[in-house]
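J.: Below is final_25.cif; it holds mmCIF, C-alpha atoms and all ligand atoms; chains and numbers go by the auth columns.
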```cif
data_data
loop_
_atom_site.group_PDB
_atom_site.id
_atom_site.type_symbol
_atom_site.label_atom_id
_atom_site.label_comp_id
_atom_site.label_asym_id
_atom_site.label_seq_id
_atom_site.Cartn_x
_atom_site.Cartn_y
_atom_site.Cartn_z
_atom_site.B_iso_or_equiv
_atom_site.auth_seq_id
_atom_site.auth_asym_id
ATOM 1 C CA MET A 1 -62.639 -61.494 20.112 0.00 1 M
ATOM 2 C CA ALA A 2 -65.409 -61.120 22.704 0.00 2 M
ATOM 3 C CA LYS A 3 -65.801 -63.952 25.255 0.00 3 M
ATOM 4 C CA PRO A 4 -68.622 -66.434 24.578 0.00 4 M
ATOM 5 C CA ILE A 5 -71.698 -65.771 26.721 0.00 5 M
ATOM 6 C CA SER A 6 -74.472 -68.115 27.829 0.00 6 M
ATOM 7 C CA LEU A 7 -77.470 -68.135 25.488 0.00 7 M
ATOM 8 C CA GLU A 8 -79.843 -67.220 28.286 0.00 8 M
ATOM 9 C CA LYS A 9 -77.744 -64.122 29.126 0.00 9 M
ATOM 10 C CA ILE A 10 -77.553 -63.174 25.458 0.00 10 M
ATOM 11 C CA LEU A 11 -81.330 -63.328 25.056 0.00 11 M
ATOM 12 C CA PHE A 12 -81.817 -61.342 28.253 0.00 12 M
ATOM 13 C CA SER A 13 -79.313 -58.667 27.099 0.00 13 M
ATOM 14 C CA GLN A 14 -81.228 -58.233 23.826 0.00 14 M
ATOM 15 C CA GLY A 15 -84.510 -57.557 25.634 0.00 15 M
ATOM 16 C CA PHE A 16 -86.346 -60.846 25.246 0.00 16 M
ATOM 17 C CA GLY A 17 -87.542 -60.937 28.856 0.00 17 M
ATOM 18 C CA THR A 18 -86.321 -62.109 32.240 0.00 18 M
ATOM 19 C CA ARG A 19 -83.545 -64.707 32.352 0.00 19 M
ATOM 20 C CA ARG A 20 -86.077 -67.291 33.434 0.00 20 M
ATOM 21 C CA TYR A 21 -88.337 -66.441 30.511 0.00 21 M
ATOM 22 C CA CYS A 22 -85.376 -66.523 28.086 0.00 22 M
ATOM 23 C CA SER A 23 -84.424 -69.928 29.397 0.00 23 M
ATOM 24 C CA ASP A 24 -87.998 -71.140 28.881 0.00 24 M
ATOM 25 C CA LEU A 25 -87.928 -69.879 25.275 0.00 25 M
ATOM 26 C CA VAL A 26 -84.997 -72.217 24.646 0.00 26 M
ATOM 27 C CA TYR A 27 -86.709 -75.180 26.331 0.00 27 M
ATOM 28 C CA ALA A 28 -89.809 -74.482 24.232 0.00 28 M
ATOM 29 C CA ASP A 29 -87.713 -74.897 21.028 0.00 29 M
ATOM 30 C CA LEU A 30 -88.344 -71.276 20.075 0.00 30 M
ATOM 31 C CA ILE A 31 -84.695 -70.188 19.680 0.00 31 M
ATOM 32 C CA LYS A 32 -82.243 -70.823 16.873 0.00 32 M
ATOM 33 C CA VAL A 33 -78.590 -69.813 16.959 0.00 33 M
ATOM 34 C CA ASN A 34 -77.140 -69.056 13.542 0.00 34 M
ATOM 35 C CA GLY A 35 -79.885 -71.190 12.011 0.00 35 M
ATOM 36 C CA VAL A 36 -79.543 -74.171 14.352 0.00 36 M
ATOM 37 C CA LEU A 37 -82.160 -75.065 16.974 0.00 37 M
ATOM 38 C CA ALA A 38 -80.800 -74.326 20.459 0.00 38 M
ATOM 39 C CA LEU A 39 -81.299 -76.916 23.196 0.00 39 M
ATOM 40 C CA ASP A 40 -79.371 -75.604 26.183 0.00 40 M
ATOM 41 C CA PRO A 41 -79.866 -72.093 27.648 0.00 41 M
ATOM 42 C CA GLU A 42 -76.512 -72.422 29.482 0.00 42 M
ATOM 43 C CA GLU A 43 -74.542 -73.059 26.297 0.00 43 M
ATOM 44 C CA ARG A 44 -71.826 -70.447 25.795 0.00 44 M
ATOM 45 C CA ILE A 45 -72.021 -68.797 22.408 0.00 45 M
ATOM 46 C CA PRO A 46 -69.579 -66.487 20.593 0.00 46 M
ATOM 47 C CA THR A 47 -71.403 -63.206 19.925 0.00 47 M
ATOM 48 C CA GLU A 48 -69.473 -62.031 16.875 0.00 48 M
ATOM 49 C CA GLY A 49 -71.750 -62.022 13.815 0.00 49 M
ATOM 50 C CA LEU A 50 -74.403 -63.866 15.843 0.00 50 M
ATOM 51 C CA VAL A 51 -77.896 -64.079 14.379 0.00 51 M
ATOM 52 C CA LEU A 52 -80.589 -65.412 16.659 0.00 52 M
ATOM 53 C CA ASN A 53 -83.994 -66.547 15.596 0.00 53 M
ATOM 54 C CA VAL A 54 -86.593 -65.886 18.262 0.00 54 M
ATOM 55 C CA GLU A 55 -90.071 -67.300 17.802 0.00 55 M
ATOM 56 C CA GLY A 56 -89.554 -67.413 14.040 0.00 56 M
ATOM 57 C CA LYS A 57 -87.984 -63.952 13.613 0.00 57 M
ATOM 58 C CA ASP A 58 -84.318 -63.311 12.871 0.00 58 M
ATOM 59 C CA TRP A 59 -82.586 -60.981 15.294 0.00 59 M
ATOM 60 C CA GLU A 60 -79.013 -59.671 14.928 0.00 60 M
ATOM 61 C CA TYR A 61 -77.094 -59.630 18.198 0.00 61 M
ATOM 62 C CA HIS A 62 -75.843 -56.146 19.116 0.00 62 M
ATOM 63 C CA GLU A 63 -74.044 -55.582 22.396 0.00 63 M
ATOM 64 C CA LYS A 64 -75.192 -51.951 22.253 0.00 64 M
ATOM 65 C CA ALA A 65 -78.049 -50.868 20.039 0.00 65 M
ATOM 66 C CA TYR A 66 -77.721 -47.933 17.645 0.00 66 M
ATOM 67 C CA ILE A 67 -80.836 -47.329 15.588 0.00 67 M
ATOM 68 C CA ALA A 68 -81.841 -44.848 12.893 0.00 68 M
ATOM 69 C CA PHE A 69 -85.581 -44.265 12.802 0.00 69 M
ATOM 70 C CA ASN A 70 -87.656 -42.234 10.361 0.00 70 M
ATOM 71 C CA LYS A 71 -90.091 -40.552 12.705 0.00 71 M
ATOM 72 C CA PRO A 72 -93.581 -39.875 11.392 0.00 72 M
ATOM 73 C CA ALA A 73 -95.613 -36.865 12.524 0.00 73 M
ATOM 74 C CA ASN A 74 -98.000 -37.166 15.466 0.00 74 M
ATOM 75 C CA TYR A 75 -95.799 -39.357 17.660 0.00 75 M
ATOM 76 C CA GLU A 76 -94.109 -38.241 20.870 0.00 76 M
ATOM 77 C CA CYS A 77 -90.523 -39.108 21.779 0.00 77 M
ATOM 78 C CA SER A 78 -91.284 -40.215 25.314 0.00 78 M
ATOM 79 C CA HIS A 79 -92.402 -43.357 27.091 0.00 79 M
ATOM 80 C CA LYS A 80 -95.147 -41.580 29.008 0.00 80 M
ATOM 81 C CA THR A 81 -96.911 -39.553 26.373 0.00 81 M
ATOM 82 C CA THR A 82 -99.575 -36.917 26.911 0.00 82 M
ATOM 83 C CA HIS A 83 -101.530 -36.394 23.674 0.00 83 M
ATOM 84 C CA HIS A 84 -100.093 -38.667 20.997 0.00 84 M
ATOM 85 C CA PRO A 85 -98.830 -42.232 20.783 0.00 85 M
ATOM 86 C CA SER A 86 -95.188 -42.915 21.576 0.00 86 M
ATOM 87 C CA VAL A 87 -92.484 -43.533 18.956 0.00 87 M
ATOM 88 C CA TYR A 88 -91.596 -46.592 21.054 0.00 88 M
ATOM 89 C CA SER A 89 -94.908 -48.151 20.022 0.00 89 M
ATOM 90 C CA LEU A 90 -93.483 -48.360 16.471 0.00 90 M
ATOM 91 C CA LEU A 91 -90.359 -50.257 17.558 0.00 91 M
ATOM 92 C CA PRO A 92 -89.918 -53.955 18.381 0.00 92 M
ATOM 93 C CA ALA A 93 -90.790 -54.752 22.009 0.00 93 M
ATOM 94 C CA PRO A 94 -87.214 -55.943 22.892 0.00 94 M
ATOM 95 C CA PHE A 95 -85.926 -52.397 22.230 0.00 95 M
ATOM 96 C CA VAL A 96 -88.199 -51.018 24.907 0.00 96 M
ATOM 97 C CA GLU A 97 -87.449 -53.911 27.249 0.00 97 M
ATOM 98 C CA ARG A 98 -83.697 -53.297 27.016 0.00 98 M
ATOM 99 C CA GLY A 99 -84.104 -49.581 27.704 0.00 99 M
ATOM 100 C CA LEU A 100 -83.468 -47.856 24.404 0.00 100 M
ATOM 101 C CA GLN A 101 -83.836 -44.084 24.540 0.00 101 M
ATOM 102 C CA CYS A 102 -84.260 -41.363 21.954 0.00 102 M
ATOM 103 C CA VAL A 103 -81.031 -39.445 21.380 0.00 103 M
ATOM 104 C CA GLY A 104 -82.518 -35.989 21.903 0.00 104 M
ATOM 105 C CA ARG A 105 -86.186 -35.442 21.202 0.00 105 M
ATOM 106 C CA LEU A 106 -88.114 -34.279 18.186 0.00 106 M
ATOM 107 C CA ASP A 107 -91.448 -32.509 18.680 0.00 107 M
ATOM 108 C CA TYR A 108 -94.569 -34.575 18.040 0.00 108 M
ATOM 109 C CA ASP A 109 -95.105 -32.810 14.695 0.00 109 M
ATOM 110 C CA THR A 110 -91.453 -32.975 13.563 0.00 110 M
ATOM 111 C CA THR A 111 -90.565 -35.773 11.155 0.00 111 M
ATOM 112 C CA GLY A 112 -87.341 -37.428 10.042 0.00 112 M
ATOM 113 C CA LEU A 113 -84.100 -38.777 11.400 0.00 113 M
ATOM 114 C CA LEU A 114 -84.201 -39.853 15.035 0.00 114 M
ATOM 115 C CA LEU A 115 -81.436 -41.851 16.697 0.00 115 M
ATOM 116 C CA ILE A 116 -82.288 -44.384 19.372 0.00 116 M
ATOM 117 C CA SER A 117 -79.738 -46.169 21.558 0.00 117 M
ATOM 118 C CA ASP A 118 -78.950 -47.771 24.901 0.00 118 M
ATOM 119 C CA ASP A 119 -75.367 -46.491 24.968 0.00 119 M
ATOM 120 C CA GLY A 120 -75.254 -43.620 27.465 0.00 120 M
ATOM 121 C CA GLN A 121 -71.873 -42.329 26.264 0.00 121 M
ATOM 122 C CA PHE A 122 -73.089 -42.233 22.675 0.00 122 M
ATOM 123 C CA ILE A 123 -76.289 -40.412 23.680 0.00 123 M
ATOM 124 C CA HIS A 124 -74.231 -37.825 25.541 0.00 124 M
ATOM 125 C CA LYS A 125 -71.773 -37.376 22.692 0.00 125 M
ATOM 126 C CA MET A 126 -74.522 -36.869 20.126 0.00 126 M
ATOM 127 C CA THR A 127 -76.466 -34.361 22.213 0.00 127 M
ATOM 128 C CA THR A 128 -73.812 -32.170 23.827 0.00 128 M
ATOM 129 C CA PRO A 129 -73.145 -28.955 21.861 0.00 129 M
ATOM 130 C CA LYS A 130 -69.465 -29.268 22.897 0.00 130 M
ATOM 131 C CA LYS A 131 -68.911 -31.958 20.265 0.00 131 M
ATOM 132 C CA ASN A 132 -70.059 -29.611 17.507 0.00 132 M
ATOM 133 C CA ILE A 133 -72.087 -32.249 15.710 0.00 133 M
ATOM 134 C CA GLY A 134 -74.470 -30.618 13.236 0.00 134 M
ATOM 135 C CA LYS A 135 -78.127 -31.523 12.871 0.00 135 M
ATOM 136 C CA VAL A 136 -79.700 -30.470 9.583 0.00 136 M
ATOM 137 C CA TYR A 137 -83.380 -29.567 9.490 0.00 137 M
ATOM 138 C CA GLU A 138 -85.478 -28.835 6.435 0.00 138 M
ATOM 139 C CA ILE A 139 -87.812 -26.036 7.405 0.00 139 M
ATOM 140 C CA THR A 140 -90.902 -25.276 5.360 0.00 140 M
ATOM 141 C CA THR A 141 -92.414 -21.867 6.008 0.00 141 M
ATOM 142 C CA PRO A 142 -95.701 -20.234 4.964 0.00 142 M
ATOM 143 C CA ASP A 143 -93.909 -16.946 4.194 0.00 143 M
ATOM 144 C CA PRO A 144 -90.937 -16.651 1.831 0.00 144 M
ATOM 145 C CA ILE A 145 -87.567 -16.821 3.587 0.00 145 M
ATOM 146 C CA THR A 146 -85.578 -13.639 3.076 0.00 146 M
ATOM 147 C CA GLN A 147 -81.806 -13.128 2.920 0.00 147 M
ATOM 148 C CA SER A 148 -82.010 -10.842 5.936 0.00 148 M
ATOM 149 C CA GLN A 149 -83.714 -13.639 7.925 0.00 149 M
ATOM 150 C CA ILE A 150 -80.907 -16.006 6.922 0.00 150 M
ATOM 151 C CA ASP A 151 -78.237 -13.446 7.888 0.00 151 M
ATOM 152 C CA HIS A 152 -79.964 -13.018 11.240 0.00 152 M
ATOM 153 C CA LEU A 153 -80.032 -16.806 11.874 0.00 153 M
ATOM 154 C CA LEU A 154 -76.315 -17.043 11.056 0.00 154 M
ATOM 155 C CA LYS A 155 -75.426 -14.019 13.201 0.00 155 M
ATOM 156 C CA GLY A 156 -77.380 -15.479 16.129 0.00 156 M
ATOM 157 C CA VAL A 157 -80.789 -14.797 17.610 0.00 157 M
ATOM 158 C CA MET A 158 -81.798 -14.214 21.205 0.00 158 M
ATOM 159 C CA LEU A 159 -84.577 -16.497 22.426 0.00 159 M
ATOM 160 C CA GLU A 160 -86.946 -15.618 25.225 0.00 160 M
ATOM 161 C CA ASP A 161 -85.790 -16.763 28.692 0.00 161 M
ATOM 162 C CA ASP A 162 -82.444 -17.802 27.224 0.00 162 M
ATOM 163 C CA PRO A 163 -79.439 -15.680 28.083 0.00 163 M
ATOM 164 C CA LYS A 164 -77.216 -16.966 25.257 0.00 164 M
ATOM 165 C CA PRO A 165 -77.857 -16.409 21.543 0.00 165 M
ATOM 166 C CA CYS A 166 -78.630 -19.337 19.229 0.00 166 M
ATOM 167 C CA PHE A 167 -76.738 -19.601 15.962 0.00 167 M
ATOM 168 C CA ALA A 168 -77.388 -21.435 12.749 0.00 168 M
ATOM 169 C CA ALA A 169 -74.098 -23.132 11.834 0.00 169 M
ATOM 170 C CA ALA A 170 -75.161 -23.133 8.162 0.00 170 M
ATOM 171 C CA CYS A 171 -78.170 -22.192 6.060 0.00 171 M
ATOM 172 C CA LYS A 172 -79.007 -23.254 2.533 0.00 172 M
ATOM 173 C CA LEU A 173 -82.097 -21.957 0.793 0.00 173 M
ATOM 174 C CA LEU A 174 -83.695 -24.908 -1.034 0.00 174 M
ATOM 175 C CA SER A 175 -86.664 -22.937 -2.396 0.00 175 M
ATOM 176 C CA GLU A 176 -88.472 -19.724 -1.559 0.00 176 M
ATOM 177 C CA ASN A 177 -90.266 -21.429 1.334 0.00 177 M
ATOM 178 C CA CYS A 178 -87.796 -24.112 2.329 0.00 178 M
ATOM 179 C CA LEU A 179 -84.536 -23.708 4.209 0.00 179 M
ATOM 180 C CA ALA A 180 -81.986 -26.334 5.255 0.00 180 M
ATOM 181 C CA MET A 181 -80.546 -25.103 8.531 0.00 181 M
ATOM 182 C CA THR A 182 -77.768 -26.748 10.566 0.00 182 M
ATOM 183 C CA ILE A 183 -77.618 -26.324 14.337 0.00 183 M
ATOM 184 C CA VAL A 184 -75.336 -27.963 16.893 0.00 184 M
ATOM 185 C CA GLU A 185 -77.472 -27.528 20.008 0.00 185 M
ATOM 186 C CA GLY A 186 -80.820 -29.079 20.859 0.00 186 M
ATOM 187 C CA ARG A 187 -82.626 -26.489 22.960 0.00 187 M
ATOM 188 C CA TYR A 188 -86.356 -26.789 23.547 0.00 188 M
ATOM 189 C CA HIS A 189 -88.259 -26.070 20.284 0.00 189 M
ATOM 190 C CA GLN A 190 -85.049 -24.481 19.071 0.00 190 M
ATOM 191 C CA VAL A 191 -85.714 -24.301 15.340 0.00 191 M
ATOM 192 C CA LYS A 192 -89.300 -23.106 15.740 0.00 192 M
ATOM 193 C CA ARG A 193 -88.221 -20.438 18.205 0.00 193 M
ATOM 194 C CA MET A 194 -85.320 -19.316 16.002 0.00 194 M
ATOM 195 C CA MET A 195 -87.616 -18.960 12.988 0.00 195 M
ATOM 196 C CA ALA A 196 -90.152 -17.020 15.046 0.00 196 M
ATOM 197 C CA ALA A 197 -87.361 -14.753 16.337 0.00 197 M
ATOM 198 C CA VAL A 198 -86.458 -13.708 12.785 0.00 198 M
ATOM 199 C CA GLY A 199 -90.098 -13.030 11.886 0.00 199 M
ATOM 200 C CA ASN A 200 -91.082 -16.230 10.089 0.00 200 M
ATOM 201 C CA HIS A 201 -92.884 -19.396 11.128 0.00 201 M
ATOM 202 C CA VAL A 202 -92.371 -23.157 10.787 0.00 202 M
ATOM 203 C CA ALA A 203 -95.136 -24.982 8.932 0.00 203 M
ATOM 204 C CA LYS A 204 -93.213 -28.264 8.626 0.00 204 M
ATOM 205 C CA LEU A 205 -89.998 -29.475 10.212 0.00 205 M
ATOM 206 C CA HIS A 206 -88.048 -32.472 9.006 0.00 206 M
ATOM 207 C CA ARG A 207 -84.593 -33.634 10.177 0.00 207 M
ATOM 208 C CA VAL A 208 -82.478 -35.024 7.363 0.00 208 M
ATOM 209 C CA GLU A 209 -78.939 -35.314 8.652 0.00 209 M
ATOM 210 C CA ILE A 210 -76.841 -35.704 11.790 0.00 210 M
ATOM 211 C CA GLY A 211 -73.049 -35.262 11.538 0.00 211 M
ATOM 212 C CA ALA A 212 -72.308 -36.622 8.067 0.00 212 M
ATOM 213 C CA TYR A 213 -75.026 -39.289 8.270 0.00 213 M
ATOM 214 C CA VAL A 214 -77.877 -38.591 5.870 0.00 214 M
ATOM 215 C CA MET A 215 -81.185 -40.333 6.384 0.00 215 M
ATOM 216 C CA PRO A 216 -81.242 -43.205 3.854 0.00 216 M
ATOM 217 C CA LEU A 217 -83.710 -42.565 1.039 0.00 217 M
ATOM 218 C CA ASP A 218 -85.070 -46.089 1.338 0.00 218 M
ATOM 219 C CA LEU A 219 -85.889 -45.786 5.048 0.00 219 M
ATOM 220 C CA ALA A 220 -89.646 -45.267 4.917 0.00 220 M
ATOM 221 C CA GLU A 221 -91.584 -43.305 7.510 0.00 221 M
ATOM 222 C CA GLY A 222 -92.069 -45.368 10.664 0.00 222 M
ATOM 223 C CA GLU A 223 -89.214 -47.743 9.776 0.00 223 M
ATOM 224 C CA TRP A 224 -85.949 -48.299 11.635 0.00 224 M
ATOM 225 C CA ARG A 225 -82.572 -49.857 10.898 0.00 225 M
ATOM 226 C CA TRP A 226 -79.420 -50.872 12.725 0.00 226 M
ATOM 227 C CA LEU A 227 -76.450 -48.518 12.506 0.00 227 M
ATOM 228 C CA TYR A 228 -73.009 -50.056 11.912 0.00 228 M
ATOM 229 C CA PRO A 229 -69.482 -48.755 12.664 0.00 229 M
ATOM 230 C CA ASP A 230 -69.245 -46.753 9.396 0.00 230 M
ATOM 231 C CA ASP A 231 -72.595 -45.082 10.150 0.00 231 M
ATOM 232 C CA LEU A 232 -71.439 -44.230 13.680 0.00 232 M
ATOM 233 C CA LYS A 233 -68.279 -42.702 12.246 0.00 233 M
ATOM 234 C CA ALA A 234 -70.364 -40.551 9.893 0.00 234 M
ATOM 235 C CA LEU A 235 -72.659 -39.508 12.752 0.00 235 M
ATOM 236 C CA SER A 236 -69.676 -38.336 14.821 0.00 236 M
ATOM 237 C CA LYS A 237 -68.341 -35.998 12.157 0.00 237 M
ATOM 238 C CA ARG A 238 -67.950 -32.539 13.667 0.00 238 M
ATOM 239 C CA ILE A 239 -68.451 -29.218 12.010 0.00 239 M
ATOM 240 C CA GLU A 240 -64.990 -27.668 11.500 0.00 240 M
ATOM 241 C CA VAL A 241 -64.758 -24.171 12.954 0.00 241 M
HETATM 242 N N1 LIG B . -86.354 -27.732 16.865 0.00 301 Y
HETATM 243 C C1 LIG B . -87.690 -27.662 17.036 0.00 301 Y
HETATM 244 O O1 LIG B . -88.262 -26.587 17.168 0.00 301 Y
HETATM 245 N N2 LIG B . -88.380 -28.832 17.078 0.00 301 Y
HETATM 246 C C2 LIG B . -87.812 -30.040 16.900 0.00 301 Y
HETATM 247 O O2 LIG B . -88.510 -31.054 16.915 0.00 301 Y
HETATM 248 C C3 LIG B . -86.428 -30.097 16.705 0.00 301 Y
HETATM 249 C C4 LIG B . -85.715 -28.928 16.693 0.00 301 Y
#
```
Here is a file; write its structure as structure tokens.

T.:
Amino acid sequence: MAKPISLEKILFSQGFGTRRYCSDLVYADLIKVNGVLALDPEERIPTEGLVLNVEGKDWEYHEKAYIAFNKPANYECSHKTTHHPSVYSLLPAPFVERGLQCVGRLDYDTTGLLLISDDGQFIHKMTTPKKNIGKVYEITTPDPITQSQIDHLLKGVMLEDDPKPCFAAACKLLSENCLAMTIVEGRYHQVKRMMAAVGNHVAKLHRVEIGAYVMPLDLAEGEWRWLYPDDLKALSKRIEV
């Protein structure tokens, strides 16, 4: 079992402000611990299953944060955006305060499953092609997708300024104009460039799956949820080669 930690440190670790500010939240009677009003910021608290209530809102304690987010179109995956608002503006302020980062980026016009975390090892594992973790994109095209285009994607395509070919790990035609394609890398505009290289074009791009984790049907656009150990296990599932 993890060692109990002082309440002030716990609040700070979750992104509720400086330690001084967190301490003041307790003195202002704005913090509950597992439903009970907290009085002492120095009190040591066991973190297992801990639910805080901060200024009237329940907040699950997570030593490291792992979040699934359903990204809407017209948001950028960066803190300093250029033309569109940031995805971070749709997340609770403590996430930004504690330094959560997108696990790989989606283009501003791409929608769907985006992971967000403050665990550097996890971010690396999920983004390195070495781990062979598939990302499934649903690609809608203006022109019908042909079998020869699919064969080409599976055989590998050369992208401009890129010495190595890019492969689709799997392709499944969902309709004449919609393809589910799995890739294990995350090169810049990879899917759009791959589709252009085989003579088609991406009208809409939506990520539905990472590893064996499928975006939950009840996670609405712009909403997020915590990921738990079973979800992380599903996310880590590699493509067998
Ligand atoms: N490939 C793209 O072209 N864009 C994305 O957002 C993700 C993968």

J.: Env of Val184 of chain M: 6 Å cut, atoms = all atoms listed in the file, seq-sep filter 2 positions within chain, self excluded. Answer as an MDAnalysis selection string.

T.: chainID M and resid 129 132:134

J.: Could you jot down the atom CA of Glu240 of chain M to atom CA of Gly156 of chain M separation for me, Å, one decimal place?

T.: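 Straight-line distance from atom CA of Glu240 of chain M to atom CA of Gly156 of chain M works out to 18.0 Å.
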
J.: Can you list, as number ranges by chain, the residues that the PyMOL selection byres (((chain M and resi 77) around 7) and not hetatm) selects here?

T.: M: 75-76, 78, 86-87, 102, 105-106

J.: Between M:Leu7, M:Met1, M:Cys166, M:Ile239, single out the one closest to Lys130 of chain M, counting only C-alpha atoms.

T.: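 Using only C-alpha atoms, Lys130 of chain M sits closest to M:Ile239.
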
J.: Which residue out of M:Val202, M:Val51, M:Cys22, M:Ala28 has the minimum interatomic distance to ligand LIG 301 (chain Y) when only C-alpha atoms and all ligand atoms are used?

T.: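 Looking at the shortest contact to ligand LIG 301 (chain Y), the residue is M:Val202.
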
J.: Which residue gives the smallest distance to ligand LIG 301 (chain Y) among M:Pro163, M:Gly199, M:Pro92, M:Gly104, with all atoms listed in the file counted?

T.: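 The shortest atom-to-atom distance to ligand LIG 301 (chain Y) comes from M:Gly104.
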
J.: Tell me which protein, DNA and RNA residues are within 10 Å of Pro165 of chain M, counting all atoms listed in the file, leaving out same-chain ones fewer than 6 positions away, and put them as a PDB file with C-alpha atoms, in the coordinates of the input.

T.:
```
ATOM      1  CA  LEU M 153     -80.032 -16.806  11.874  1.00  0.00           C
ATOM      2  CA  LYS M 155     -75.426 -14.019  13.201  1.00  0.00           C
ATOM      3  CA  GLY M 156     -77.380 -15.479  16.129  1.00  0.00           C
ATOM      4  CA  VAL M 157     -80.789 -14.797  17.610  1.00  0.00           C
ATOM      5  CA  MET M 158     -81.798 -14.214  21.205  1.00  0.00           C
ATOM      6  CA  LEU M 159     -84.577 -16.497  22.426  1.00  0.00           C
ATOM      7  CA  MET M 194     -85.320 -19.316  16.002  1.00  0.00           C
TER       8      MET M 194
END
```

J.: Would you mind listing the residues within 6 Å of ligand LIG 301 (chain Y), counting only C-alpha atoms and all ligand atoms, as a PDB file with C-alpha atoms, in the frame of the given file?

T.:
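After the write, out.pdb holds the following:
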```pdb
ATOM      1  CA  LEU M 106     -88.114 -34.279  18.186  1.00  0.00           C
ATOM      2  CA  ASP M 107     -91.448 -32.509  18.680  1.00  0.00           C
ATOM      3  CA  THR M 110     -91.453 -32.975  13.563  1.00  0.00           C
ATOM      4  CA  HIS M 189     -88.259 -26.070  20.284  1.00  0.00           C
ATOM      5  CA  GLN M 190     -85.049 -24.481  19.071  1.00  0.00           C
ATOM      6  CA  VAL M 191     -85.714 -24.301  15.340  1.00  0.00           C
ATOM      7  CA  LYS M 192     -89.300 -23.106  15.740  1.00  0.00           C
TER       8      LYS M 192
END
```

J.: For each of M:Val103, M:Ala212, M:Leu179, M:Leu205, take the minimum atom-to-atom distance to Ala73 of chain M, counting only C-alpha atoms, then give the residue where this is smallest.

T.: M:Leu205

J.: Using Å and a single decimal, report how far atom CA of Tyr88 of chain M sits from atom CA of Thr182 of chain M.

T.: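 If I compute the distance from atom CA of Thr182 of chain M to atom CA of Tyr88 of chain M, I get 26.4 Å.
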
J.: Check what the PyMOL selection byres (((chain M and resi 204) around 9) and not hetatm) selects in the file above and give those residues as an MDAnalysis selection string.

T.: chainID M and resid 109:111 138:141 202:203 205:206

J.: Counting all atoms listed in the file, find the residues whose atoms lie at most 12 Å from (-79.3, -63.2, 14.6) (file coordinates) and write them out as a list in words.

T.: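 These residues have at least one counted atom within 12 Å: Ile10, Leu11, Gln14, Ile31, Lys32, Val33, Asn34, Gly35, Val36, Pro46, Thr47, Glu48, Gly49, Leu50, Val51, Leu52, Asn53, Val54, Glu55, Gly56, Lys57, Asp58, Trp59, Glu60, Tyr61 and His62 of chain M.
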
J.: Generate the output file for the selected residues, C-alpha atoms, as an mmCIF file, keeping the file's coordinate frame.

T.:
```cif
data_model
loop_
_atom_site.group_PDB
_atom_site.id
_atom_site.type_symbol
_atom_site.label_atom_id
_atom_site.label_comp_id
_atom_site.auth_asym_id
_atom_site.auth_seq_id
_atom_site.Cartn_x
_atom_site.Cartn_y
_atom_site.Cartn_z
ATOM 1 C CA ILE M 10 -77.553 -63.174 25.458
ATOM 2 C CA LEU M 11 -81.330 -63.328 25.056
ATOM 3 C CA GLN M 14 -81.228 -58.233 23.826
ATOM 4 C CA ILE M 31 -84.695 -70.188 19.680
ATOM 5 C CA LYS M 32 -82.243 -70.823 16.873
ATOM 6 C CA VAL M 33 -78.590 -69.813 16.959
ATOM 7 C CA ASN M 34 -77.140 -69.056 13.542
ATOM 8 C CA GLY M 35 -79.885 -71.190 12.011
ATOM 9 C CA VAL M 36 -79.543 -74.171 14.352
ATOM 10 C CA PRO M 46 -69.579 -66.487 20.593
ATOM 11 C CA THR M 47 -71.403 -63.206 19.925
ATOM 12 C CA GLU M 48 -69.473 -62.031 16.875
ATOM 13 C CA GLY M 49 -71.750 -62.022 13.815
ATOM 14 C CA LEU M 50 -74.403 -63.866 15.843
ATOM 15 C CA VAL M 51 -77.896 -64.079 14.379
ATOM 16 C CA LEU M 52 -80.589 -65.412 16.659
ATOM 17 C CA ASN M 53 -83.994 -66.547 15.596
ATOM 18 C CA VAL M 54 -86.593 -65.886 18.262
ATOM 19 C CA GLU M 55 -90.071 -67.300 17.802
ATOM 20 C CA GLY M 56 -89.554 -67.413 14.040
ATOM 21 C CA LYS M 57 -87.984 -63.952 13.613
ATOM 22 C CA ASP M 58 -84.318 -63.311 12.871
ATOM 23 C CA TRP M 59 -82.586 -60.981 15.294
ATOM 24 C CA GLU M 60 -79.013 -59.671 14.928
ATOM 25 C CA TYR M 61 -77.094 -59.630 18.198
ATOM 26 C CA HIS M 62 -75.843 -56.146 19.116
#
```

J.: Compare M:Val208, M:Ala180, M:Ile116, M:Val96 by their minimum atom-to-atom distance to Tyr66 of chain M, counting only C-alpha atoms, and give me the closest one.

T.: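 So, comparing all the options, the nearest one is M:Ile116.
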